[in-house]
Amino acid sequence: MFQSAAKTLSVATTTAATLTRGTSFSIRRYCQKTPATLRVSEAVSGAKLGANVKVQGWVRSVRPQKANLFLHVNDGSSLQSLQVVASSELDDPLLTLGSAVEVTGTLRKSPRQRQPFELEADRIHVVGDCDPVDFPFKIKERHSLEYIRQFPHLRCRTNAFSSLLRIRSEATTAVHSYFKENGFVQIHTPVITSNDCEGAGELFQVEPSSPNNEEGEKFFSVPAFLTVSGQLHLEVMSGAFSRVYTFGPTFRAENSQSRRHLAEFYMVEAEVSFTQSLEDLTKVMEDMFRSATEHVLAHCAEDVDLFHKHVTPGHRVSPQGHFGFPEICLPNRCKIFINSPPDGYLSLRYVSPLILLSHNIDRGSSFLQWGCDLQTEHEKHLVKHCGNIPVFVTDYPYDLKPFYARDNLDHPEHTAAAVDLLVPGVGELCGGSLREERLDLLKARLGEYLDLRRFGSVPHGGFGMGFERFLQCILGVDNIKDVIAFPRFSHSCPL
């Protein structure tokens with residue numbers, strides 16, 4: 001009996017010892033620090049220096065040597081890639097340009113001058129391999145925007161286009177921040193609408209692909225279209241909010257493949273109530289443009305510099321001014337937009353550029369006379385001859401503007417209280433007007449629009465800015481298809 005008890009104790013003691021060892025091992029494993037996951041932008045700035053970290057991204061270059069392996073890894077958070085140094089034993093046939101990897105190691109100071117920090121890897125895991133033969137981008141080649149445009153599913157992996165998308169993201173933030181800081185209420189205007197705000201007839205009609213309705217019956221009971229502008233919906237809201245804006249996609253069914261046109265693009269639109277002054281509108285236009293530009297230059301300096309130095313190098317220098325306007329020659333033309341004169345951007349009535357352009361238009365350009373709308377060539381020519389600075393053109397002939405533009409009642413000229421902001425390299429960036437709030441004057445032009453004016457309308461005005469044109473302006477990109485992630489235009493809708 002005693003022996004039996006002794007055996008039991010012995011077994012119990014052995015079991016307890018085993019459990020203790022197992023528990024101790026588990027505790028040690030549990031207490032081991034897992035590597036912190038860093039974005040490449042954090043790693044290249046030296047965050048977690050000396051710590052065991054993990055970085056995930058795509059391989060931008062591979063350089064195997066006898067003793068070491070060098071990689072450059074990027075995750076889209078930074079123009080600069082992170083250099084990874086590893087033993088050649090970690091080399092893998094799947095480590096090629098474009099492959100997705102997860103790298104664990106110690107972040108340390110680099111002995112190389114080109115990059116202050118690098119990752120000394122102790123583990124490289126290939127998450128997704130890439131066929132280097134068919135991959136359209138090569139390691140040491142600089143590809144043009146026209147070339148990478150052929151690969152909408154891959155061009156985000158290039159330096160130029162990843163920079164563009166980061167700039168676009170920051171510019172979006174800048175626009176929203178400006179309006180929020182200045183008391184505007186954001187309105188989500190509908191994408192599907194029953195009105196043609198611009199009156200140009202370039203609409204995409206919306207219909208169900210497999211209608212369950214009876215033959216001839218419309219889904220919405222009325223013809224419905226993809227919106228060309230959120231303006232009329234903003235005007236509705238301006239009857240209750242003094243400052244409103246919207247920022248979203250708009251659509252035009254223009255059968256054009258030119259460098260200026262897209263079937264889908266983004267518009268920033270705003271309405272300001274209780275104003276009878278174009279100066280109130282031009283101030284908002286100018287302040288928003290300046291604020292967004294300043295934000296982008298401050299938060300995406302490296303990305304913008306890539307465009308100015310390598311993608312669009314001619315954008316950096318401003319030509320000499322003409323017609324008595326001061327010469328502006330700055331190393332970066334974007335600074336002109338920020339450092340405008342105290343009294344604001346130059347403003348000209350329609351008749352002034354008409355006189356200038358009539359006498360100085362390039363040979364071969366279309367002739368300009370009173371009542372003619374300014375074409376893109378006229379707008380660019382005017383901006384260039386004013387010293388490549390932003391220029392407001394106001395008070396257009398009344399018949400050139402839509403029904404909602406306010407009549408100046410200034411016969412015999414008969415102009416409308418409308419304004420365009422013209423900028424270098426693009427021409428018209430913003431277009432706006434005071435809205436006609438006088439019911440008796442509207443009756444002669446449009447009946448359906450009148451209901452917005454019958455119940456306490458106030459003097460108001462608004463404008464729209466093409467977001468892609470803004471990006472073209474600050475980056476110097478000629479083709480609008482190169483400043484949007486997935487360009488849609490006539491006969492082209494991949495993905």
# chains A, B, ... in the order shown; residues from 1 in each chain; ligands from 1

call {"tool": "residues_around", "arguments": {"residues": "A:Ala121", "least_positions_apart": "4", "cutoff": "7 Å", "atoms": "only C-alpha atoms", "output": "compact mmCIF listing (two decimals) with N, CA and C atoms, in the first residue's frame"}}
result
# COMPACT_ATOMS: atom_id res chain seq x y z
N VAL A 84 16.30 46.45 -48.84
CA VAL A 84 16.39 45.26 -47.99
C VAL A 84 17.71 44.57 -48.29
N VAL A 85 18.47 44.30 -47.25
CA VAL A 85 19.74 43.59 -47.38
C VAL A 85 19.59 42.24 -46.69
N ALA A 86 19.90 41.17 -47.39
CA ALA A 86 19.74 39.83 -46.82
C ALA A 86 20.90 38.94 -47.26
N VAL A 103 8.71 40.85 -45.51
CA VAL A 103 10.10 40.81 -45.07
C VAL A 103 10.16 41.15 -43.58
N THR A 104 10.87 40.29 -42.83
CA THR A 104 11.07 40.52 -41.40
C THR A 104 12.56 40.69 -41.13
N GLY A 105 12.89 41.66 -40.29
CA GLY A 105 14.29 41.88 -39.96
C GLY A 105 14.47 43.10 -39.09
N THR A 106 15.70 43.58 -39.00
CA THR A 106 16.05 44.71 -38.13
C THR A 106 16.25 45.96 -38.97

call {"tool": "residues_around", "arguments": {"residues": "stretch 353-355 of chain A", "least_positions_apart": "3", "cutoff": "12 Å", "atoms": "only C-alpha atoms", "output": "ChimeraX atom specification"}}
result
/A:323,346-350,358-361,367-375,378-386,391-397,422

call {"tool": "write_last_selection", "arguments": {"atoms": "C-alpha atoms", "output": "PDB file, in the first residue's frame"}}
result
ATOM      1  CA  PHE A 323       1.199  93.493 -72.527  1.00  0.00           C
ATOM      2  CA  LEU A 346      -5.855  89.356 -62.301  1.00  0.00           C
ATOM      3  CA  SER A 347      -9.469  89.959 -63.409  1.00  0.00           C
ATOM      4  CA  LEU A 348     -10.509  91.052 -66.910  1.00  0.00           C
ATOM      5  CA  ARG A 349     -13.932  91.714 -68.361  1.00  0.00           C
ATOM      6  CA  TYR A 350     -14.728  89.733 -71.503  1.00  0.00           C
ATOM      7  CA  SER A 358      -7.853  90.070 -81.685  1.00  0.00           C
ATOM      8  CA  HIS A 359      -4.514  91.832 -82.145  1.00  0.00           C
ATOM      9  CA  ASN A 360      -2.124  89.157 -80.903  1.00  0.00           C
ATOM     10  CA  ILE A 361      -3.644  85.788 -81.750  1.00  0.00           C
ATOM     11  CA  PHE A 367     -10.680  84.806 -85.393  1.00  0.00           C
ATOM     12  CA  LEU A 368     -12.338  86.251 -82.289  1.00  0.00           C
ATOM     13  CA  GLN A 369     -15.072  88.894 -82.252  1.00  0.00           C
ATOM     14  CA  TRP A 370     -17.780  90.080 -79.860  1.00  0.00           C
ATOM     15  CA  GLY A 371     -20.232  87.301 -79.083  1.00  0.00           C
ATOM     16  CA  CYS A 372     -17.743  84.481 -79.755  1.00  0.00           C
ATOM     17  CA  ASP A 373     -16.981  82.090 -76.912  1.00  0.00           C
ATOM     18  CA  LEU A 374     -13.361  81.728 -75.881  1.00  0.00           C
ATOM     19  CA  GLN A 375     -11.946  78.461 -77.179  1.00  0.00           C
ATOM     20  CA  HIS A 378      -7.767  81.567 -76.824  1.00  0.00           C
ATOM     21  CA  GLU A 379      -7.738  80.806 -73.096  1.00  0.00           C
ATOM     22  CA  LYS A 380      -4.201  79.415 -73.135  1.00  0.00           C
ATOM     23  CA  HIS A 381      -2.984  82.278 -75.317  1.00  0.00           C
ATOM     24  CA  LEU A 382      -4.481  84.856 -72.972  1.00  0.00           C
ATOM     25  CA  VAL A 383      -2.952  83.259 -69.874  1.00  0.00           C
ATOM     26  CA  LYS A 384       0.435  82.993 -71.561  1.00  0.00           C
ATOM     27  CA  HIS A 385       0.420  86.640 -72.587  1.00  0.00           C
ATOM     28  CA  CYS A 386      -0.522  87.736 -69.082  1.00  0.00           C
ATOM     29  CA  VAL A 391      -6.703  85.069 -64.833  1.00  0.00           C
ATOM     30  CA  PHE A 392     -10.411  85.664 -64.187  1.00  0.00           C
ATOM     31  CA  VAL A 393     -12.564  86.570 -67.184  1.00  0.00           C
ATOM     32  CA  THR A 394     -15.942  88.042 -66.256  1.00  0.00           C
ATOM     33  CA  ASP A 395     -19.131  89.437 -67.784  1.00  0.00           C
ATOM     34  CA  TYR A 396     -19.531  87.275 -70.871  1.00  0.00           C
ATOM     35  CA  PRO A 397     -22.158  88.050 -73.514  1.00  0.00           C
ATOM     36  CA  LEU A 422      -8.176  80.452 -66.599  1.00  0.00           C
TER      37      LEU A 422
END

call {"tool": "residues_around", "arguments": {"residues": "A:Thr415", "least_positions_apart": "6", "cutoff": "9 Å", "atoms": "only C-alpha atoms", "output": "VMD selection string"}}
result
chain A and resid 395 to 400 406 to 409

call {"tool": "write_last_selection", "arguments": {"atoms": "N, CA and C atoms", "output": "PDB file, in the first residue's frame"}}
result
ATOM      1  N   ASP A 395     -18.132  88.700 -67.012  1.00  0.00           N
ATOM      2  CA  ASP A 395     -19.131  89.437 -67.784  1.00  0.00           C
ATOM      3  C   ASP A 395     -19.147  89.052 -69.263  1.00  0.00           C
ATOM      4  N   TYR A 396     -19.424  87.790 -69.505  1.00  0.00           N
ATOM      5  CA  TYR A 396     -19.531  87.275 -70.871  1.00  0.00           C
ATOM      6  C   TYR A 396     -20.825  87.749 -71.516  1.00  0.00           C
ATOM      7  N   PRO A 397     -20.888  87.754 -72.843  1.00  0.00           N
ATOM      8  CA  PRO A 397     -22.158  88.050 -73.514  1.00  0.00           C
ATOM      9  C   PRO A 397     -23.267  87.131 -73.012  1.00  0.00           C
ATOM     10  N   TYR A 398     -24.422  87.696 -72.798  1.00  0.00           N
ATOM     11  CA  TYR A 398     -25.525  86.982 -72.161  1.00  0.00           C
ATOM     12  C   TYR A 398     -25.908  85.714 -72.921  1.00  0.00           C
ATOM     13  N   ASP A 399     -25.886  85.762 -74.225  1.00  0.00           N
ATOM     14  CA  ASP A 399     -26.330  84.621 -75.036  1.00  0.00           C
ATOM     15  C   ASP A 399     -25.349  83.451 -74.992  1.00  0.00           C
ATOM     16  N   LEU A 400     -24.139  83.672 -74.486  1.00  0.00           N
ATOM     17  CA  LEU A 400     -23.151  82.588 -74.406  1.00  0.00           C
ATOM     18  C   LEU A 400     -23.370  81.706 -73.181  1.00  0.00           C
ATOM     19  N   ARG A 406     -27.165  85.111 -64.250  1.00  0.00           N
ATOM     20  CA  ARG A 406     -27.875  86.365 -63.943  1.00  0.00           C
ATOM     21  C   ARG A 406     -27.611  87.421 -65.012  1.00  0.00           C
ATOM     22  N   ASP A 407     -28.681  88.046 -65.451  1.00  0.00           N
ATOM     23  CA  ASP A 407     -28.619  89.092 -66.476  1.00  0.00           C
ATOM     24  C   ASP A 407     -28.110  90.383 -65.834  1.00  0.00           C
ATOM     25  N   ASN A 408     -27.040  90.967 -66.418  1.00  0.00           N
ATOM     26  CA  ASN A 408     -26.508  92.226 -65.906  1.00  0.00           C
ATOM     27  C   ASN A 408     -27.360  93.436 -66.301  1.00  0.00           C
ATOM     28  N   LEU A 409     -28.286  93.227 -67.262  1.00  0.00           N
ATOM     29  CA  LEU A 409     -29.162  94.312 -67.726  1.00  0.00           C
ATOM     30  C   LEU A 409     -28.363  95.552 -68.129  1.00  0.00           C
TER      31      LEU A 409
END

call {"tool": "residues_around", "arguments": {"residues": "A:Pro494", "least_positions_apart": "6", "cutoff": "12 Å", "atoms": "only C-alpha atoms", "output": "ChimeraX atom specification"}}
result
/A:149-153,485-488

call {"tool": "residues_around", "arguments": {"residues": "A:Asn255", "least_positions_apart": "5", "cutoff": "12 Å", "atoms": "only C-alpha atoms", "output": "JSON, numbers by chain"}}
result
{"A": [202, 203, 204, 261, 262, 263, 488, 489, 490, 491, 492]}

call {"tool": "residues_around", "arguments": {"residues": "A:Lys109", "least_positions_apart": "3", "cutoff": "10 Å", "atoms": "only C-alpha atoms", "output": "ChimeraX atom specification"}}
result
/A:44,46,49-50,106,112,115-120

call {"tool": "atom_distance", "arguments": {"atom1": "atom CA of A:Gly464", "atom2": "atom CA of A:Thr246"}}
result
9.4 Å
